[in-house]
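K.L.:
The structure file target_20.txt (compact mmCIF, C-alpha atoms) is provided below.
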# COMPACT_ATOMS: atom_id res chain seq x y z
CA MET A 2 0.00 0.00 0.00
CA THR A 3 1.27 3.48 -0.88
CA LYS A 4 1.90 5.52 2.25
CA GLN A 5 0.76 9.11 2.57
CA ILE A 6 3.44 11.67 3.42
CA HIS A 7 3.02 13.88 6.47
CA LEU A 8 4.51 17.39 6.39
CA ALA A 9 5.01 20.05 9.05
CA ALA A 10 6.63 23.49 9.10
CA HIS A 11 9.15 24.58 11.72
CA PHE A 12 9.49 28.30 12.32
CA PRO A 13 13.30 28.62 12.09
CA GLY A 14 13.73 31.00 15.01
CA VAL A 15 17.24 31.22 16.36
CA ASN A 16 19.44 28.34 15.34
CA ASN A 17 22.29 27.63 12.97
CA THR A 18 19.97 26.99 10.02
CA THR A 19 18.79 30.61 10.08
CA VAL A 20 20.34 33.12 7.69
CA TRP A 21 19.25 36.28 9.47
CA ALA A 22 21.67 38.48 7.50
CA ASP A 23 20.12 37.59 4.12
CA PRO A 24 18.39 40.60 2.50
CA GLU A 25 15.16 38.55 2.31
CA SER A 26 15.20 37.73 6.03
CA ARG A 27 12.62 39.43 8.23
CA SER A 28 11.85 39.67 11.94
CA GLN A 29 11.83 36.60 14.19
CA ILE A 30 9.42 38.34 16.57
CA ASP A 31 6.98 40.35 14.42
CA PHE A 32 3.66 38.50 14.19
CA ALA A 33 3.62 39.08 10.44
CA SER A 34 6.52 36.61 10.11
CA PHE A 35 4.68 33.87 11.98
CA LYS A 36 1.51 34.58 10.02
CA HIS A 37 3.27 34.38 6.64
CA LEU A 38 4.96 31.03 7.34
CA ALA A 39 1.77 29.56 8.82
CA ALA A 40 -0.28 30.73 5.83
CA THR A 41 2.25 29.12 3.47
CA ALA A 42 2.08 25.85 5.39
CA GLU A 43 -1.72 25.88 5.34
CA ARG A 44 -1.75 26.66 1.62
CA GLY A 45 0.45 23.58 1.25
CA THR A 46 -2.03 21.54 3.37
CA PHE A 47 0.68 20.72 5.93
CA ASP A 48 -0.30 18.81 9.07
CA PHE A 49 1.04 21.34 11.56
CA PHE A 50 3.12 24.44 12.30
CA PHE A 51 5.83 23.86 14.91
CA LEU A 52 7.50 26.27 17.35
CA ALA A 53 10.60 25.53 19.40
CA GLU A 54 11.27 26.96 22.84
CA GLY A 55 14.17 28.83 24.40
CA LEU A 56 14.22 29.16 28.18
CA ARG A 57 17.51 31.03 28.32
CA LEU A 58 19.66 32.86 25.81
CA ARG A 59 22.70 30.73 25.00
CA GLU A 60 26.11 32.08 25.90
CA VAL A 61 29.58 31.69 24.46
CA LYS A 62 32.30 32.75 26.91
CA GLY A 63 29.76 34.85 28.80
CA ARG A 64 28.33 36.61 25.75
CA ILE A 65 25.13 36.05 23.79
CA HIS A 66 25.81 34.49 20.40
CA ASP A 67 24.44 36.47 17.43
CA LEU A 68 21.69 33.99 16.54
CA ASP A 69 20.13 34.34 20.00
CA VAL A 70 19.93 38.12 20.14
CA VAL A 71 16.58 38.09 18.28
CA GLY A 72 14.98 36.15 21.13
CA ARG A 73 12.20 33.57 21.23
CA PRO A 74 8.58 34.56 21.94
CA GLU A 75 6.55 32.20 24.10
CA SER A 76 5.12 29.44 21.89
CA LEU A 77 1.56 29.10 23.18
CA THR A 78 0.96 32.84 22.99
CA VAL A 79 2.05 32.97 19.35
CA LEU A 80 0.04 29.88 18.42
CA SER A 81 -3.09 31.23 20.11
CA ALA A 82 -2.83 34.28 17.85
CA LEU A 83 -2.30 32.04 14.81
CA ALA A 84 -5.41 30.05 15.72
CA ALA A 85 -7.44 33.12 14.74
CA VAL A 86 -5.87 33.46 11.26
CA THR A 87 -5.74 29.77 10.25
CA THR A 88 -8.55 27.25 9.82
CA HIS A 89 -7.05 23.75 9.47
CA LEU A 90 -3.32 23.90 10.24
CA GLY A 91 -2.21 22.09 13.40
CA LEU A 92 -0.44 24.25 16.00
CA ALA A 93 2.41 22.58 17.91
CA ALA A 94 4.06 24.21 20.94
CA THR A 95 7.28 23.15 22.62
CA VAL A 96 6.77 23.44 26.39
CA ASN A 97 9.31 22.21 28.91
CA SER A 98 8.14 19.53 31.35
CA THR A 99 10.98 20.27 33.79
CA PHE A 100 9.97 23.83 34.61
CA ASN A 101 6.17 23.63 34.33
CA GLU A 102 3.55 22.04 36.55
CA PRO A 103 1.20 19.42 35.02
CA TYR A 104 -2.05 21.24 35.82
CA GLU A 105 -0.76 24.47 34.32
CA LEU A 106 0.55 22.65 31.25
CA ALA A 107 -2.69 20.77 30.73
CA LYS A 108 -4.81 23.93 31.05
CA ARG A 109 -2.72 26.08 28.70
CA ILE A 110 -2.48 23.45 25.96
CA ALA A 111 -6.15 22.46 26.29
CA THR A 112 -7.04 26.14 25.96
CA LEU A 113 -5.17 26.33 22.64
CA ASP A 114 -6.92 23.13 21.58
CA HIS A 115 -10.33 24.72 22.20
CA LEU A 116 -9.42 28.07 20.63
CA SER A 117 -8.25 26.28 17.47
CA GLY A 118 -11.09 23.77 17.26
CA GLY A 119 -8.92 20.73 18.02
CA ARG A 120 -5.61 21.59 16.34
CA ALA A 121 -3.17 21.76 19.27
CA ALA A 122 -0.07 19.66 19.97
CA TRP A 123 2.43 19.58 22.82
CA ASN A 124 6.10 18.88 22.07
CA VAL A 125 7.34 17.44 25.38
CA VAL A 126 10.93 18.43 26.14
CA THR A 127 13.14 18.21 29.22
CA SER A 128 15.95 20.26 30.71
CA TRP A 129 18.48 19.24 33.31
CA ASP A 130 21.28 21.84 33.16
CA ALA A 131 21.85 24.31 35.98
CA PHE A 132 22.47 27.13 33.49
CA THR A 133 18.87 27.03 32.26
CA GLY A 134 17.58 26.33 35.75
CA GLU A 135 18.97 29.61 37.04
CA ASN A 136 16.17 31.42 35.20
CA PHE A 137 13.73 29.49 37.41
CA ARG A 138 15.78 29.56 40.64
CA ARG A 139 16.08 25.80 40.36
CA GLY A 140 19.61 25.61 39.05
CA GLY A 141 20.87 22.06 39.11
CA TYR A 142 18.13 20.70 41.38
CA LEU A 143 17.15 17.95 38.91
CA ASP A 144 19.66 15.24 38.12
CA LYS A 145 20.06 14.46 34.44
CA ALA A 146 18.97 10.86 35.05
CA ASP A 147 15.67 12.08 36.51
CA ARG A 148 14.56 14.28 33.64
CA TYR A 149 12.58 11.54 31.87
CA VAL A 150 11.15 10.31 35.16
CA ARG A 151 9.63 13.75 35.69
CA ALA A 152 8.63 14.03 32.02
CA GLN A 153 6.87 10.66 32.05
CA GLU A 154 5.06 11.51 35.26
CA SER A 155 4.12 14.94 33.92
CA LEU A 156 2.77 13.50 30.66
CA ARG A 157 0.80 10.83 32.51
CA ILE A 158 -0.86 13.43 34.73
CA VAL A 159 -1.55 15.85 31.87
CA ARG A 160 -3.29 13.09 29.94
CA LYS A 161 -5.25 12.12 33.04
CA LEU A 162 -6.50 15.70 33.29
CA TRP A 163 -7.41 15.85 29.59
CA ASP A 164 -9.33 12.57 29.97
CA SER A 165 -11.05 13.48 33.26
CA TRP A 166 -14.32 14.55 31.60
CA ALA A 167 -16.80 11.99 30.25
CA ASP A 168 -18.83 12.85 27.15
CA ASP A 169 -22.05 13.37 29.11
CA ASP A 170 -20.61 15.13 32.17
CA LEU A 171 -21.69 18.63 31.22
CA VAL A 172 -25.45 19.20 30.96
CA LEU A 173 -26.51 22.32 29.07
CA ASP A 174 -30.15 23.11 29.68
CA GLN A 175 -31.08 26.77 29.35
CA GLU A 176 -34.33 26.33 31.27
CA ALA A 177 -33.09 24.08 34.06
CA GLY A 178 -29.62 25.60 34.19
CA VAL A 179 -26.12 24.39 33.48
CA PHE A 180 -24.53 21.80 35.71
CA ALA A 181 -21.78 19.20 35.75
CA ARG A 182 -22.29 15.72 37.11
CA GLU A 183 -20.69 14.63 40.35
CA GLY A 184 -17.07 13.69 39.75
CA THR A 185 -16.71 15.74 36.58
CA GLY A 186 -13.10 16.67 35.97
CA ALA A 187 -11.97 15.02 39.20
CA PHE A 188 -8.37 13.84 39.35
CA ALA A 189 -5.82 12.64 41.86
CA ASP A 190 -2.24 11.54 41.32
CA GLU A 191 0.69 10.75 43.59
CA GLY A 192 4.17 10.22 42.16
CA ALA A 193 7.85 10.85 42.71
CA HIS A 194 7.64 14.47 41.51
CA PHE A 195 3.98 15.45 41.89
CA GLY A 196 1.14 14.91 44.34
CA ILE A 197 -2.01 16.70 43.16
CA ARG A 198 -5.79 16.38 43.33
CA GLY A 199 -8.68 18.53 42.22
CA ARG A 200 -10.92 19.14 39.20
CA PHE A 201 -9.84 20.02 35.70
CA GLY A 202 -11.51 23.10 34.29
CA LEU A 203 -11.99 22.26 30.60
CA PRO A 204 -13.91 19.51 28.79
CA PRO A 205 -12.32 17.69 25.82
CA SER A 206 -11.86 19.57 22.54
CA PRO A 207 -13.17 18.33 19.16
CA GLN A 208 -10.08 16.11 18.78
CA GLY A 209 -10.48 14.57 22.25
CA ARG A 210 -7.07 15.58 23.54
CA PRO A 211 -4.05 17.38 22.07
CA VAL A 212 -1.43 15.52 20.05
CA VAL A 213 1.82 14.70 21.90
CA ILE A 214 5.18 15.15 20.18
CA GLN A 215 8.52 13.99 21.58
CA ALA A 216 12.10 14.42 20.38
CA GLY A 217 14.32 12.30 22.63
CA ASP A 218 16.97 10.19 20.91
CA SER A 219 18.59 8.30 23.79
CA ASP A 220 17.44 4.77 24.54
CA GLN A 221 15.36 6.16 27.41
CA GLY A 222 13.97 8.88 25.14
CA ARG A 223 13.01 6.43 22.41
CA ASP A 224 11.17 4.21 24.87
CA PHE A 225 9.42 7.25 26.33
CA ALA A 226 8.23 8.19 22.83
CA ALA A 227 7.12 4.62 22.06
CA SER A 228 5.11 4.50 25.28
CA GLY A 229 3.10 7.68 24.83
CA ALA A 230 3.96 10.01 21.95
CA ASP A 231 1.89 10.50 18.80
CA VAL A 232 4.75 12.02 16.78
CA ILE A 233 8.53 11.83 17.07
CA PHE A 234 10.46 14.91 15.96
CA SER A 235 13.58 13.01 14.89
CA ARG A 236 17.03 14.30 13.91
CA HIS A 237 17.73 11.27 11.67
CA GLY A 238 17.08 12.79 8.25
CA SER A 239 19.46 10.71 6.13
CA PHE A 240 18.08 7.58 4.47
CA ALA A 241 20.18 4.90 6.21
CA ALA A 242 20.06 6.52 9.66
CA GLY A 243 16.35 7.14 9.21
CA GLN A 244 15.61 3.50 8.42
CA THR A 245 17.59 2.32 11.46
CA PHE A 246 15.84 4.76 13.80
CA TYR A 247 12.42 4.04 12.27
CA LYS A 248 12.72 0.28 12.80
CA ASP A 249 14.10 0.63 16.33
CA VAL A 250 11.27 2.86 17.54
CA LYS A 251 8.47 1.07 15.68
CA ASP A 252 9.66 -2.25 17.11
CA ARG A 253 9.23 -0.84 20.64
CA LEU A 254 5.53 -0.07 20.18
CA ALA A 255 4.17 -3.59 20.62
CA LYS A 256 5.35 -3.91 24.22
CA HIS A 257 3.30 -0.81 25.01
CA GLY A 258 0.22 -2.26 23.31
CA ARG A 259 0.43 0.11 20.35
CA THR A 260 0.39 -0.33 16.57
CA GLU A 261 2.87 1.10 14.05
CA GLU A 262 0.23 3.51 12.75
CA SER A 263 -0.20 5.08 16.20
CA LEU A 264 3.16 6.87 16.07
CA LYS A 265 4.42 9.06 13.23
CA ILE A 266 8.17 9.55 12.81
CA MET A 267 8.95 12.94 11.26
CA PRO A 268 12.62 13.98 11.10
CA ALA A 269 13.66 17.61 10.85
CA VAL A 270 14.93 18.29 7.32
CA THR A 271 16.13 21.16 5.18
CA VAL A 272 15.30 21.49 1.49
CA VAL A 273 16.99 23.44 -1.31
CA VAL A 274 15.07 23.63 -4.60
CA ALA A 275 16.19 25.11 -7.94
CA ASP A 276 15.41 24.60 -11.62
CA THR A 277 18.11 21.93 -12.02
CA ASP A 278 20.05 19.66 -9.68
CA ALA A 279 23.28 21.50 -10.47
CA GLU A 280 21.74 24.87 -9.66
CA ALA A 281 20.36 23.49 -6.41
CA VAL A 282 23.80 22.19 -5.38
CA GLU A 283 25.30 25.63 -5.96
CA LYS A 284 22.43 27.32 -4.11
CA ALA A 285 22.87 24.93 -1.20
CA ARG A 286 26.59 25.71 -1.02
CA HIS A 287 25.85 29.43 -0.93
CA ILE A 288 23.29 28.95 1.87
CA ARG A 289 25.77 26.96 3.97
CA GLU A 290 28.38 29.68 3.58
CA GLN A 291 25.82 32.25 4.73
CA GLN A 292 24.90 30.11 7.72
CA VAL A 293 28.47 29.61 8.90
CA SER A 294 30.53 32.79 9.04
CA GLY A 295 34.07 32.67 10.43
CA PRO A 296 32.97 33.61 13.98
CA THR A 297 30.07 31.14 13.83
CA ALA A 298 32.45 28.36 12.74
CA ILE A 299 34.57 29.04 15.82
CA VAL A 300 31.49 28.99 18.09
CA LEU A 301 30.23 25.70 16.66
CA ALA A 302 33.69 24.14 16.98
CA GLU A 303 33.96 25.32 20.59
CA LEU A 304 30.78 23.38 21.35
CA ILE A 305 32.59 20.16 20.35
CA TRP A 306 36.10 20.93 21.59
CA GLY A 307 34.91 22.51 24.85
CA ARG A 308 37.75 25.03 24.54
CA ASP A 309 38.15 28.73 23.86
CA LEU A 310 39.15 28.67 20.18
CA SER A 311 38.99 32.43 19.59
CA ALA A 312 42.74 32.52 18.86
CA TYR A 313 42.29 30.15 15.91
CA ASP A 314 41.87 31.28 12.32
CA PRO A 315 38.58 29.85 10.99
CA ASP A 316 40.20 29.65 7.56
CA GLY A 317 43.14 27.72 9.00
CA PRO A 318 43.50 24.10 10.12
CA LEU A 319 41.50 22.35 12.85
CA PRO A 320 42.77 22.68 16.46
CA ALA A 321 45.39 20.11 17.37
CA GLU A 322 44.11 19.64 20.94
CA GLY A 323 41.54 17.13 22.07
CA PRO A 324 38.17 17.95 23.69
CA VAL A 325 37.62 19.16 27.24
CA ILE A 326 34.85 17.11 28.85
CA GLY A 327 32.36 19.00 31.01
CA SER A 328 33.41 22.40 29.70
CA THR A 329 31.29 25.51 30.30
CA VAL A 330 32.73 27.54 27.43
CA THR A 331 29.33 27.25 25.74
CA GLN A 332 26.20 27.48 27.91
CA GLY A 333 22.63 26.57 27.01
CA ARG A 334 23.37 24.32 24.03
CA ALA A 335 23.07 20.55 24.04
CA GLY A 336 26.49 18.92 24.10
CA PHE A 337 27.79 15.82 22.34
CA ASN A 338 28.05 12.37 23.92
CA ASP A 339 31.33 11.46 22.23
CA PRO A 340 33.18 14.61 21.10
CA ALA A 341 36.45 12.71 20.58
CA SER A 342 34.86 10.57 17.85
CA ILE A 343 33.37 13.64 16.17
CA ILE A 344 36.74 15.41 16.20
CA LYS A 345 38.38 12.29 14.71
CA GLU A 346 35.77 12.19 11.94
CA TRP A 347 36.20 15.90 11.24
CA ARG A 348 40.00 15.59 11.02
CA GLU A 349 39.76 12.69 8.60
CA ALA A 350 37.34 14.65 6.39
CA ALA A 351 39.45 17.81 6.56
CA ASP A 352 42.64 15.93 5.63
CA ALA A 353 40.95 14.10 2.77
CA ASN A 354 39.43 17.25 1.26
CA GLY A 355 41.92 19.93 2.24
CA TRP A 356 39.28 21.77 4.26
CA SER A 357 39.86 24.63 6.68
CA LEU A 358 38.11 24.72 10.05
CA ARG A 359 35.23 26.77 8.60
CA GLN A 360 34.92 24.51 5.54
CA THR A 361 34.84 21.48 7.81
CA VAL A 362 32.05 22.93 9.92
CA ILE A 363 30.11 23.87 6.78
CA ASN A 364 30.41 20.42 5.25
CA GLN A 365 30.16 18.25 8.37
CA GLN A 366 27.51 20.07 10.40
CA ASN A 367 25.37 22.14 8.02
CA ARG A 368 24.56 19.86 5.12
CA GLN A 369 21.04 20.12 3.71
CA THR A 370 18.86 17.01 3.61
CA PHE A 371 17.19 17.29 0.19
CA ILE A 372 18.86 19.20 -2.65
CA GLY A 373 17.75 19.27 -6.28
CA SER A 374 15.11 20.14 -8.81
CA PRO A 375 11.47 19.86 -7.69
CA GLU A 376 11.29 16.44 -9.37
CA THR A 377 14.43 15.20 -7.58
CA VAL A 378 13.30 16.46 -4.18
CA ALA A 379 9.80 14.97 -4.56
CA THR A 380 11.27 11.61 -5.64
CA GLU A 381 13.70 11.42 -2.72
CA MET A 382 11.21 12.49 -0.09
CA ASN A 383 8.73 9.91 -1.32
CA ARG A 384 11.43 7.19 -1.32
CA HIS A 385 12.22 7.94 2.34
CA VAL A 386 8.57 7.47 3.30
CA GLN A 387 7.72 4.47 1.11
CA GLU A 388 10.88 2.61 2.25
CA ASN A 389 10.33 3.31 5.95
CA ALA A 390 12.99 5.88 6.69
CA ALA A 391 10.24 8.28 7.89
CA ASP A 392 6.49 8.84 7.93
CA GLY A 393 6.97 12.43 6.91
CA PHE A 394 9.11 15.49 7.56
CA VAL A 395 9.30 18.67 9.61
CA LEU A 396 10.69 21.25 7.19
CA VAL A 397 13.13 23.77 8.69
CA PRO A 398 13.58 26.67 6.22
CA HIS A 399 16.70 28.83 6.30
CA LEU A 400 14.77 32.08 5.79
CA THR A 401 12.06 33.77 7.83
CA PRO A 402 9.32 34.01 6.74
CA GLY A 403 9.52 33.07 3.03
CA GLY A 404 11.70 29.98 3.27
CA LEU A 405 8.88 27.52 2.48
CA ASP A 406 7.44 29.32 -0.53
CA ASP A 407 9.46 27.47 -3.19
CA PHE A 408 8.74 24.07 -1.65
CA VAL A 409 4.99 24.64 -1.43
CA ASP A 410 4.81 26.13 -4.94
CA ARG A 411 7.06 23.64 -6.71
CA VAL A 412 7.39 20.35 -4.77
CA VAL A 413 3.99 19.92 -3.13
CA PRO A 414 2.15 19.83 -6.51
CA LEU A 415 4.41 16.94 -7.61
CA LEU A 416 3.70 14.99 -4.42
CA ARG A 417 0.00 15.51 -5.03
CA GLU A 418 0.28 14.31 -8.62
CA ARG A 419 1.86 11.08 -7.35
CA GLY A 420 -1.03 10.53 -4.97
CA VAL A 421 1.15 10.55 -1.85
CA PHE A 422 0.05 13.87 -0.38
CA ARG A 423 -3.37 15.44 0.14
CA SER A 424 -4.72 18.09 -2.22
CA GLU A 425 -7.05 19.43 0.45
CA TYR A 426 -7.79 18.86 4.10
CA THR A 427 -10.34 16.10 4.69
CA GLY A 428 -10.74 16.76 8.42
CA THR A 429 -10.63 19.71 10.78
CA THR A 430 -8.46 18.42 13.65
CA LEU A 431 -4.76 17.69 13.86
CA ARG A 432 -5.45 14.07 14.78
CA SER A 433 -7.43 13.67 11.57
CA HIS A 434 -4.56 15.16 9.53
CA LEU A 435 -2.14 12.68 11.08
CA GLY A 436 -4.52 9.73 10.79
CA LEU A 437 -4.47 9.19 14.55
CA THR A 438 -7.16 7.92 16.88
CA GLN A 439 -7.16 8.51 20.63
Rewrite the structure from the file as structure tokens, please.
P.N.:
Amino acid sequence: MTKQIHLAAHFPGVNNTTVWADPESRSQIDFASFKHLAATAERGTFDFFFLAEGLRLREVKGRIHDLDVVGRPESLTVLSALAAVTTHLGLAATVNSTFNEPYELAKRIATLDHLSGGRAAWNVVTSWDAFTGENFRRGGYLDKADRYVRAQESLRIVRKLWDSWADDDLVLDQEAGVFAREGTGAFADEGAHFGIRGRFGLPPSPQGRPVVIQAGDSDQGRDFAASGADVIFSRHGSFAAGQTFYKDVKDRLAKHGRTEESLKIMPAVTVVVADTDAEAVEKARHIREQQVSGPTAIVLAELIWGRDLSAYDPDGPLPAEGPVIGSTVTQGRAGFNDPASIIKEWREAADANGWSLRQTVINQQNRQTFIGSPETVATEMNRHVQENAADGFVLVPHLTPGGLDDFVDRVVPLLRERGVFRSEYTGTTLRSHLGLTQ
């Protein structure tokens, strides 16, 4: 059976895919930017629009790196505004389970679900580092090993709250009055991190309960996703890595009593489209050079080496030293589990190609996922889905807000012609777009 492709749009925000200095780049905060990208995604009949979260501006040697200066607005606030200017597009918010209480989380996300008519999703993330915790006066209180324990408990409680209303609990009778049956919205839960009881203040939305997205890649994170997520926001965008990840996670579902169709795997990908494959390759090279300036190359290398590399020439060779484990040169960015292996790989690639430090960063860390003519991109994306490397993709454009325009105008029509992507929405809720039940 031919699989249908699922597509989502990621607002690029502040990360190393963004080319904020491009003349076509616009504000990362102005609502017009969010509205434009969401409208493009809805015109392309995408499943959902996805916002990341930043709980603290990242620092490099005590200073804010250039990509973070633009800031990150709070996700649920932005998506609530977008709910009023979209009609079908799903609205996915990243909200941290470490620094939010379950009742508050459940209420805020359920509110978005009602405002949007059943289009909300929660991307469950965790945080363990003391640097981020300082913004909440909880610096370092939560051990890294406990972050998924709290996240699992938080998700369990949030779902309990969303499910606490029965279909016939609320009686609406204008003559007799409005009342809720005894026990409506009642909940109680005792766990390692939370002990709460009360009544939840909102009935279910048209989609029953919001969609849950998860992005963990560790063994613990994968099992967490298999046990309760509806969508995995994966980083495995290449074909071989995607197939390996896809099989591993799908194989975990049975032990949780779930089917393969109950969880969609959607890696984050970047796309470069041009009239010909050769033109797309050249365009992709130019984008990578824009993304990684000399100073940015040094910053990205410092994240791996854990050293102050400001004395190095980005157009010179790679540093000769090895990595410093546990370094605080860079704060607020996720580190690497095995930096020594990454450095070894980078050195081998640099030696083989004659690359400078900046060229190595450009080619090893900022390669686009799909590059080519519209026909080439459509063919490759469909191959990934039909051969079980993914169920779909979360597109991360390099420009705000017009970075998806070419894809929607030139690639989406080809996917529709092949019968692997919808021409129009057939439902009104995010669960219906994703083909999910409760």
K.L.:
Leaving out Arg148 of chain A and any residue of its chain fewer than 6 positions from it, which residues lie within 8 Å of it when counting all atoms listed in the file, given as an mmCIF file with C-alpha atoms, keeping the file's coordinate frame?
P.N.:
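The file below, result-v7.cif, is the result:
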data_model
loop_
_atom_site.group_PDB
_atom_site.id
_atom_site.type_symbol
_atom_site.label_atom_id
_atom_site.label_comp_id
_atom_site.auth_asym_id
_atom_site.auth_seq_id
_atom_site.Cartn_x
_atom_site.Cartn_y
_atom_site.Cartn_z
ATOM 1 C CA THR A 99 10.980 20.270 33.790
ATOM 2 C CA THR A 127 13.140 18.210 29.220
ATOM 3 C CA SER A 128 15.950 20.260 30.710
ATOM 4 C CA TRP A 129 18.480 19.240 33.310
#
K.L.:
Work out how far atom CA of Gly134 of chain A is from atom CA of His194 of chain A, in Å to one decimal.
P.N.:
16.5 Å
K.L.:
List as JSON lines every residue of segment 170-221 of chain A that is in contact with segment 421-432 of chain A, defined as an atom at most 8 Å from one of its atoms (using all atoms listed in the file), together with the nearest atom pair and the distance in Å rounded to one decimal, sorted by chain and then rising number.
P.N.:
{"residue": "A:Pro207", "atom": "CA", "partner": "A:Thr430", "partner_atom": "CA", "distance": 7.2}
{"residue": "A:Gln208", "atom": "CA", "partner": "A:Thr430", "partner_atom": "CA", "distance": 5.9}
{"residue": "A:Val212", "atom": "CA", "partner": "A:Arg432", "partner_atom": "CA", "distance": 6.8}
K.L.:
Neighbouring residues of segment 75-77 of chain A were defined as those with any atom within 10 Å, considering all atoms listed in the file; residues of the same chain fewer than 2 positions away were excluded. Please report them as a list in words.
P.N.:
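Close residues of segment 75-77 of chain A: Phe51, Leu52, Ala53, Glu54, Gly55, Leu56, Gly72, Arg73, Val79, Leu80, Ser81, Ala82, Leu83, Leu92, Ala93, Ala94, Thr95, Val96, Arg109, Ile110, Thr112, Leu113, Ala121 and Trp123 of chain A.
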K.L.:
Considering all atoms listed in the file, can you say which of A:Asp309, A:Asp168, A:Asp410, A:Asp392 comes closest to Ser263 of chain A?
P.N.:
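Smallest distance to Ser263 of chain A is found for A:Asp392.
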K.L.:
Segment 107-152 of chain A from the block above, C-alpha atoms, as a compact mmCIF listing (two decimals), in the first residue's frame, please?
P.N.:
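After the write, result_18.txt holds the following:
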# COMPACT_ATOMS: atom_id res chain seq x y z
CA ALA A 107 -2.69 20.77 30.73
CA LYS A 108 -4.81 23.93 31.05
CA ARG A 109 -2.72 26.08 28.70
CA ILE A 110 -2.48 23.45 25.96
CA ALA A 111 -6.15 22.46 26.29
CA THR A 112 -7.04 26.14 25.96
CA LEU A 113 -5.17 26.33 22.64
CA ASP A 114 -6.92 23.13 21.58
CA HIS A 115 -10.33 24.72 22.20
CA LEU A 116 -9.42 28.07 20.63
CA SER A 117 -8.25 26.28 17.47
CA GLY A 118 -11.09 23.77 17.26
CA GLY A 119 -8.92 20.73 18.02
CA ARG A 120 -5.61 21.59 16.34
CA ALA A 121 -3.17 21.76 19.27
CA ALA A 122 -0.07 19.66 19.97
CA TRP A 123 2.43 19.58 22.82
CA ASN A 124 6.10 18.88 22.07
CA VAL A 125 7.34 17.44 25.38
CA VAL A 126 10.93 18.43 26.14
CA THR A 127 13.14 18.21 29.22
CA SER A 128 15.95 20.26 30.71
CA TRP A 129 18.48 19.24 33.31
CA ASP A 130 21.28 21.84 33.16
CA ALA A 131 21.85 24.31 35.98
CA PHE A 132 22.47 27.13 33.49
CA THR A 133 18.87 27.03 32.26
CA GLY A 134 17.58 26.33 35.75
CA GLU A 135 18.97 29.61 37.04
CA ASN A 136 16.17 31.42 35.20
CA PHE A 137 13.73 29.49 37.41
CA ARG A 138 15.78 29.56 40.64
CA ARG A 139 16.08 25.80 40.36
CA GLY A 140 19.61 25.61 39.05
CA GLY A 141 20.87 22.06 39.11
CA TYR A 142 18.13 20.70 41.38
CA LEU A 143 17.15 17.95 38.91
CA ASP A 144 19.66 15.24 38.12
CA LYS A 145 20.06 14.46 34.44
CA ALA A 146 18.97 10.86 35.05
CA ASP A 147 15.67 12.08 36.51
CA ARG A 148 14.56 14.28 33.64
CA TYR A 149 12.58 11.54 31.87
CA VAL A 150 11.15 10.31 35.16
CA ARG A 151 9.63 13.75 35.69
CA ALA A 152 8.63 14.03 32.02
